>>> print(open('start-v2.txt').read())   # compact mmCIF, C-alpha atoms and all ligand atoms
# COMPACT_ATOMS: atom_id res chain seq x y z
CA MET A 21 16.93 -0.20 13.34
CA THR A 22 13.70 1.55 12.46
CA THR A 23 12.89 0.97 8.76
CA PRO A 24 15.43 2.19 6.15
CA GLY A 25 13.91 4.87 3.94
CA ILE A 26 10.98 5.75 6.22
CA ARG A 27 11.13 9.19 7.83
CA PRO A 28 9.89 9.05 11.44
CA LEU A 29 6.76 10.87 12.57
CA VAL A 30 6.43 12.16 16.13
CA ALA A 31 2.79 12.98 16.84
CA GLY A 32 1.40 14.69 19.92
CA ASN A 33 -2.06 13.67 21.10
CA TRP A 34 -3.14 16.40 23.51
CA LYS A 35 -6.36 14.49 24.32
CA MET A 36 -8.85 16.68 26.30
CA ASN A 37 -6.12 18.88 27.75
CA GLY A 38 -4.87 22.41 27.43
CA SER A 39 -6.32 25.86 26.92
CA LEU A 40 -6.05 28.52 24.26
CA GLY A 41 -3.20 30.12 26.19
CA MET A 42 -1.33 26.86 26.65
CA ALA A 43 -1.73 26.05 22.94
CA GLY A 44 -0.20 29.37 21.90
CA THR A 45 2.72 29.01 24.29
CA LEU A 46 3.44 25.41 23.31
CA ILE A 47 3.35 26.08 19.57
CA GLY A 48 5.51 29.20 20.01
CA ASP A 49 8.09 27.18 21.93
CA LEU A 50 8.12 24.33 19.37
CA LYS A 51 8.51 26.80 16.49
CA ALA A 52 11.40 28.50 18.28
CA ARG A 53 13.15 25.14 18.75
CA LEU A 54 12.52 24.28 15.11
CA GLY A 55 13.99 27.64 14.12
CA GLN A 56 17.26 26.69 15.82
CA GLY A 57 17.67 23.59 13.67
CA ALA A 58 15.25 21.19 12.06
CA LEU A 59 15.30 17.50 12.92
CA PRO A 60 15.07 14.65 10.39
CA VAL A 61 11.60 13.74 11.67
CA ASP A 62 8.08 14.94 10.87
CA LEU A 63 6.24 16.64 13.74
CA LEU A 64 2.49 16.68 14.27
CA VAL A 65 0.27 18.18 16.98
CA CYS A 66 -3.31 17.03 17.57
CA PRO A 67 -5.12 19.48 19.87
CA PRO A 68 -8.79 19.26 20.93
CA PHE A 69 -11.34 20.36 18.28
CA PRO A 70 -11.99 23.87 19.74
CA TYR A 71 -8.33 24.83 19.44
CA LEU A 72 -7.68 23.56 15.91
CA GLY A 73 -8.29 26.94 14.24
CA ALA A 74 -6.09 28.85 16.68
CA VAL A 75 -3.32 26.25 16.46
CA ALA A 76 -3.51 26.31 12.65
CA ALA A 77 -3.01 30.08 12.79
CA ALA A 78 -0.18 29.78 15.33
CA LEU A 79 1.58 27.15 13.21
CA GLY A 80 1.34 29.58 10.30
CA GLY A 81 3.09 27.60 7.60
CA SER A 82 5.70 26.05 9.90
CA ALA A 83 6.94 22.51 9.26
CA ILE A 84 4.77 21.20 12.12
CA SER A 85 1.58 19.51 10.87
CA LEU A 86 -1.87 19.73 12.41
CA GLY A 87 -4.22 16.87 13.16
CA ALA A 88 -7.46 16.13 14.98
CA GLN A 89 -8.32 13.34 17.40
CA ASP A 90 -11.43 11.93 15.72
CA CYS A 91 -13.91 12.46 12.90
CA HIS A 92 -17.33 11.15 11.91
CA ALA A 93 -17.80 8.62 9.10
CA ALA A 94 -20.31 10.90 7.33
CA ASN A 95 -19.46 14.14 5.56
CA SER A 96 -22.42 16.07 6.98
CA GLY A 97 -25.83 15.52 8.51
CA ALA A 98 -27.78 15.13 11.74
CA HIS A 99 -24.93 14.11 14.06
CA THR A 100 -25.03 16.55 16.95
CA GLY A 101 -21.64 17.15 18.51
CA ASP A 102 -19.70 15.34 15.82
CA VAL A 103 -17.15 16.72 13.37
CA ALA A 104 -16.77 15.67 9.72
CA ALA A 105 -13.48 14.94 7.99
CA PRO A 106 -13.92 17.67 5.32
CA MET A 107 -14.36 20.22 8.14
CA LEU A 108 -10.97 19.18 9.53
CA ALA A 109 -9.40 19.52 6.10
CA ASP A 110 -10.99 22.99 5.83
CA LEU A 111 -9.24 24.01 9.04
CA GLY A 112 -5.85 22.95 7.76
CA CYS A 113 -5.60 19.51 9.32
CA GLY A 114 -3.51 16.96 7.47
CA TYR A 115 -4.07 14.09 9.89
CA VAL A 116 -6.72 12.58 12.12
CA ILE A 117 -6.22 10.03 14.91
CA LEU A 118 -8.81 7.25 14.70
CA GLY A 119 -9.66 4.31 16.94
CA HIS A 120 -7.62 5.49 19.93
CA SER A 121 -8.21 3.08 22.81
CA GLU A 122 -9.92 5.86 24.76
CA ARG A 123 -12.45 6.25 21.96
CA ARG A 124 -12.86 2.49 21.62
CA THR A 125 -13.54 2.34 25.39
CA ASP A 126 -15.33 5.64 26.16
CA HIS A 127 -17.46 5.64 23.01
CA GLY A 128 -17.70 1.92 22.26
CA GLU A 129 -16.08 2.34 18.85
CA SER A 130 -15.72 -0.93 16.99
CA SER A 131 -13.07 -1.61 14.38
CA ALA A 132 -15.81 -1.42 11.72
CA THR A 133 -16.62 2.11 12.90
CA VAL A 134 -12.93 3.00 12.80
CA ALA A 135 -12.66 1.68 9.22
CA ALA A 136 -15.68 3.77 8.17
CA LYS A 137 -14.14 6.86 9.73
CA ALA A 138 -10.80 6.11 8.07
CA LYS A 139 -12.50 5.86 4.66
CA ALA A 140 -14.10 9.27 5.24
CA ALA A 141 -10.77 10.74 6.34
CA LEU A 142 -8.97 9.42 3.25
CA ALA A 143 -11.72 10.72 0.97
CA ALA A 144 -11.27 14.17 2.54
CA GLY A 145 -7.54 14.07 1.81
CA LEU A 146 -6.51 13.48 5.42
CA THR A 147 -3.96 10.94 6.61
CA ALA A 148 -5.60 8.54 9.07
CA ILE A 149 -3.59 7.46 12.11
CA VAL A 150 -5.29 4.16 12.95
CA CYS A 151 -4.65 3.04 16.54
CA VAL A 152 -4.49 -0.58 17.63
CA GLY A 153 -3.32 -2.31 20.79
CA GLU A 154 -4.06 -5.06 23.27
CA THR A 155 -5.20 -4.83 26.89
CA GLU A 156 -3.06 -6.13 29.74
CA ALA A 157 -5.32 -9.16 30.15
CA GLN A 158 -4.98 -9.98 26.45
CA ARG A 159 -1.18 -9.76 26.67
CA ASN A 160 -1.09 -11.87 29.83
CA ALA A 161 -3.14 -14.47 27.96
CA GLY A 162 -0.61 -14.41 25.11
CA GLU A 163 -3.24 -13.09 22.68
CA GLU A 164 -1.62 -9.75 21.75
CA LEU A 165 -0.60 -10.64 18.17
CA LYS A 166 -3.99 -12.16 17.41
CA VAL A 167 -5.90 -9.20 18.93
CA VAL A 168 -3.90 -6.59 17.05
CA GLU A 169 -4.11 -8.58 13.81
CA LYS A 170 -7.91 -8.57 14.06
CA GLN A 171 -7.92 -4.82 14.71
CA ILE A 172 -5.68 -4.19 11.69
CA VAL A 173 -7.76 -6.43 9.42
CA GLU A 174 -11.02 -4.78 10.52
CA SER A 175 -9.90 -1.13 11.01
CA VAL A 176 -7.63 -0.43 8.03
CA PRO A 177 -9.57 0.21 4.82
CA ALA A 178 -8.52 -1.32 1.50
CA GLU A 179 -7.73 2.19 0.18
CA ALA A 180 -4.90 2.61 2.70
CA ASN A 181 -1.40 3.32 1.44
CA ALA A 182 1.80 4.93 2.70
CA GLY A 183 0.61 8.38 1.63
CA ASN A 184 -2.68 8.34 3.49
CA THR A 185 -2.36 5.99 6.46
CA VAL A 186 -0.24 5.62 9.59
CA ILE A 187 -0.64 2.83 12.13
CA ALA A 188 -0.11 3.50 15.83
CA TYR A 189 0.54 0.46 18.00
CA GLU A 190 -0.47 1.47 21.50
CA PRO A 191 -0.69 -1.26 24.13
CA VAL A 192 -3.66 -0.11 26.24
CA TRP A 193 -1.83 -0.98 29.47
CA ALA A 194 1.08 1.31 28.52
CA ILE A 195 -1.02 4.43 27.85
CA GLY A 196 -0.54 6.99 30.60
CA THR A 197 0.81 4.39 33.04
CA GLY A 198 4.58 4.85 32.82
CA LYS A 199 4.83 1.18 31.77
CA THR A 200 6.31 0.19 28.41
CA PRO A 201 6.79 -3.16 26.68
CA THR A 202 10.32 -4.47 26.24
CA SER A 203 12.08 -3.59 23.00
CA ALA A 204 11.78 -7.25 22.00
CA ASP A 205 8.00 -7.17 22.51
CA VAL A 206 7.68 -3.92 20.55
CA GLU A 207 9.77 -5.39 17.73
CA ALA A 208 7.70 -8.59 17.59
CA MET A 209 4.48 -6.59 17.32
CA HIS A 210 5.78 -4.08 14.77
CA ARG A 211 7.20 -6.86 12.58
CA HIS A 212 3.82 -8.61 12.74
CA ILE A 213 1.99 -5.41 11.75
CA ARG A 214 4.49 -4.80 8.92
CA ALA A 215 3.92 -8.30 7.55
CA LEU A 216 0.15 -7.79 7.66
CA LEU A 217 0.37 -4.42 5.92
CA LYS A 218 2.57 -5.89 3.18
CA GLN A 219 0.03 -8.64 2.59
CA ARG A 220 -3.05 -6.45 2.70
CA VAL A 221 -2.44 -2.99 1.24
CA THR A 222 -0.57 -1.30 -1.58
CA GLY A 223 2.75 0.05 -0.37
CA GLY A 224 2.37 -1.69 3.00
CA ALA A 225 6.17 -1.86 3.26
CA GLU A 226 6.32 1.96 3.52
CA ILE A 227 3.38 2.71 5.85
CA ARG A 228 4.63 4.32 9.06
CA ILE A 229 4.06 2.26 12.20
CA LEU A 230 4.28 4.39 15.35
CA TYR A 231 4.73 3.12 18.87
CA GLY A 232 2.63 4.83 21.58
CA GLY A 233 2.36 4.36 25.33
CA SER A 234 4.38 6.25 27.96
CA VAL A 235 6.99 7.54 25.51
CA LYS A 236 9.20 10.09 27.30
CA PRO A 237 12.47 11.87 26.44
CA GLY A 238 14.29 9.28 28.56
CA ASN A 239 13.06 6.21 26.67
CA ALA A 240 12.39 7.65 23.20
CA ALA A 241 15.76 6.88 21.60
CA GLU A 242 15.65 3.24 22.71
CA LEU A 243 12.03 2.70 21.61
CA MET A 244 12.52 4.56 18.34
CA ALA A 245 15.58 2.45 17.49
CA VAL A 246 13.55 -0.76 17.45
CA ALA A 247 13.13 -2.41 14.05
CA GLU A 248 9.96 -1.30 12.22
CA VAL A 249 9.26 1.53 14.70
CA ASN A 250 8.78 4.63 12.57
CA GLY A 251 8.03 7.24 15.21
CA ALA A 252 5.84 7.82 18.24
CA LEU A 253 2.31 8.76 19.21
CA VAL A 254 2.79 10.75 22.41
CA GLY A 255 0.10 11.64 24.95
CA GLY A 256 1.11 13.22 28.26
CA ALA A 257 4.62 14.18 27.20
CA SER A 258 3.30 16.12 24.19
CA LEU A 259 1.87 18.81 26.48
CA LYS A 260 5.29 20.23 27.32
CA ALA A 261 7.45 21.56 24.48
CA GLU A 262 10.65 20.44 26.20
CA ASP A 263 9.45 16.85 26.54
CA PHE A 264 7.90 16.65 23.06
CA TRP A 265 11.07 18.06 21.55
CA GLY A 266 13.19 15.67 23.62
CA ILE A 267 11.23 12.77 22.14
CA ALA A 268 11.69 14.15 18.63
CA GLU A 269 15.44 14.38 19.29
CA GLY A 270 15.42 10.76 20.46
CA ALA A 271 13.66 9.72 17.26
CA ALA A 272 16.15 11.75 15.22
CA ARG A 273 19.10 10.01 16.91
CA SER A 274 17.59 6.61 16.14
CA ALA A 275 16.84 7.58 12.56
CA GLY A 276 20.58 8.20 12.22
C1 LIG B 301 -1.79 8.22 23.85
O1 LIG B 301 -2.78 8.56 24.44
O2 LIG B 301 -1.84 8.11 22.63
C2 LIG B 301 -0.57 7.97 24.60
C3 LIG B 301 0.37 7.28 24.03
O3 LIG B 301 -0.50 8.47 25.89
P1 LIG B 301 0.78 8.52 26.85
O4 LIG B 301 1.96 8.95 26.00
O5 LIG B 301 0.44 9.54 27.89
O6 LIG B 301 0.99 7.15 27.39
>>> encode(input="start-v2.txt", output="structure tokens", more="lines below")
Ligand code: PEP
Amino acid sequence: MTTPGIRPLVAGNWKMNGSLGMAGTLIGDLKARLGQGALPVDLLVCPPFPYLGAVAAALGGSAISLGAQDCHAANSGAHTGDVAAPMLADLGCGYVILGHSERRTDHGESSATVAAKAKAALAAGLTAIVCVGETEAQRNAGEELKVVEKQIVESVPAEANAGNTVIAYEPVWAIGTGKTPTSADVEAMHRHIRALLKQRVTGGAEIRILYGGSVKPGNAAELMAVAEVNGALVGGASLKAEDFWGIAEGAARSAG
């Protein structure tokens, strides 16, 4: 089950959803649940850029961490509309999601771009959550391990270690679709990623590897119990406190 000694992380990717009001309500609800009894998992919320400051204030020193959904590879300069990693650190972010499939698709981000952003994030003291995952066509062609291996090799910088990097395996065809891979398929991929991390980076045995793609309260415990699954990156279900908390409880049960 999971990986002995690694504390799970349950991360909420709000994507381009929510409002200031919704953010306040959601954080208030999560803090209230946390107040009734902490879980043996780390919790992280990643709201859209405009709400980061308000969510940082609402979190107000709680055990829930704050993250962003992207950053630029440069620390400053003529990059209209972009946000630099040190700015995120200034706002109280501890994490940044990089290379999400929606960014790779909507913004044409290559793995080289993701690696450059990850380097900037690490230099700013942030933990980079580097996303990888195959398309449905790639899985149907039996290429999923090869595709994800290439993404890991090209997206994870040499400076990565367990203190500054998290990997999120998110099969593109499972994101927002209600479809999930079998536990056996998740295990095969996570074991492959673990082996690659051990070969390539310092402390690769301890880097958290999250599963993402249609995680819900009803399937969280089963997915989180899979070998080398060290938590979840949650999209849609992170927008409701009850669902996000239900997933955290599932991860806690699997963590034993
Ligand atoms: C995601 O976007 O990272 C994600 C996993 O989405 P969902 O949980 O909605 O499938």
>>> residues_near_point(input="start-v2.txt", point="(-1.5, -0.1, 13.8)", cutoff="9 Å", atoms="only C-alpha atoms", output="PyMOL selection string")
chain A and resi 149-153+168-169+171-172+175-176+186-190+210+213+228-231
>>> atom_distance(input="start-v2.txt", atom1="CA of Leu146 in chain A", atom2="CA of Ala93 in chain A")
12.8 Å
>>> residues_near_point(input="start-v2.txt", point="(-1.9, 27.3, 14.3)", cutoff="10 Å", atoms="all atoms listed in the file", output="VMD selection string")
chain A and resid 43 to 44 47 to 48 65 71 to 82 84 to 86 111 to 113
>>> residues_around(input="start-v2.txt", residues="Ala240 in chain A", least_positions_apart="5", cutoff="9 Å", atoms="only C-alpha atoms", output="PyMOL selection string")
chain A and resi 235+245+252+266-271+274
>>> residues_near_ligand(input="start-v2.txt", ligand="ligand LIG 301 (chain B)", cutoff="10 Å", atoms="only C-alpha atoms and all ligand atoms", output="ChimeraX atom specification")
/A:31-35,89,117,120-122,151,188-200,230-236,252-259
>>> atom_distance(input="start-v2.txt", atom1="CA of Asn181 in chain A", atom2="CA of Leu217 in chain A")
9.1 Å
>>> residues_around(input="start-v2.txt", residues="Arg211 in chain A", least_positions_apart="6", cutoff="9 Å", atoms="all atoms listed in the file", output="list in words")
Ala247, Glu248 and Val249 of chain A
>>> closest_residue(input="start-v2.txt", among="A:Leu243, A:Ala180, A:Ala144, A:Ala208", to="Glu226 in chain A", atoms="only C-alpha atoms")
A:Ala180
>>> atom_distance(input="start-v2.txt", atom1="CA of Val221 in chain A", atom2="CA of Gly183 in chain A")
11.8 Å
>>> residues_around(input="start-v2.txt", residues="Pro60 in chain A", least_positions_apart="4", cutoff="8 Å", atoms="all atoms listed in the file", output="VMD selection string")
chain A and resid 27 to 28 272 275
>>> closest_residue(input="start-v2.txt", among="A:Ala109, A:Ala94, A:Ala58, A:Ala225", to="Pro24 in chain A", atoms="only C-alpha atoms")
A:Ala225
>>> residues_around(input="start-v2.txt", residues="Thr133 in chain A", least_positions_apart="3", cutoff="9 Å", atoms="all atoms listed in the file", output="list in words")
Ala93, Gly119, Glu129, Ser130, Ala136, Lys137, Ala138 and Ser175 of chain A
>>> write_last_selection(input="start-v2.txt", atoms="C-alpha atoms", output="JSON list (two decimals), in the frame of the given file")
[["chain", "number", "residue", "atom", "x", "y", "z"],
["A", 93, "ALA", "CA", -17.80, 8.62, 9.10],
["A", 119, "GLY", "CA", -9.66, 4.31, 16.94],
["A", 129, "GLU", "CA", -16.08, 2.34, 18.85],
["A", 130, "SER", "CA", -15.72, -0.93, 16.99],
["A", 136, "ALA", "CA", -15.68, 3.77, 8.17],
["A", 137, "LYS", "CA", -14.14, 6.86, 9.73],
["A", 138, "ALA", "CA", -10.80, 6.11, 8.07],
["A", 175, "SER", "CA", -9.90, -1.13, 11.01]]
>>> closest_residue(input="start-v2.txt", among="A:Leu216, A:Ala241, A:Leu29, A:Met36", to="Arg123 in chain A", atoms="only C-alpha atoms")
A:Met36
>>> axis_aligned_box(input="start-v2.txt", around="range 147-157 of chain A", padding_each_side="8 Å", output="AutoDock Vina command-line options")
--center_x -4.3 --center_y 0.9 --center_z 18.4 --size_x 18.5 --size_y 36.1 --size_z 39.5
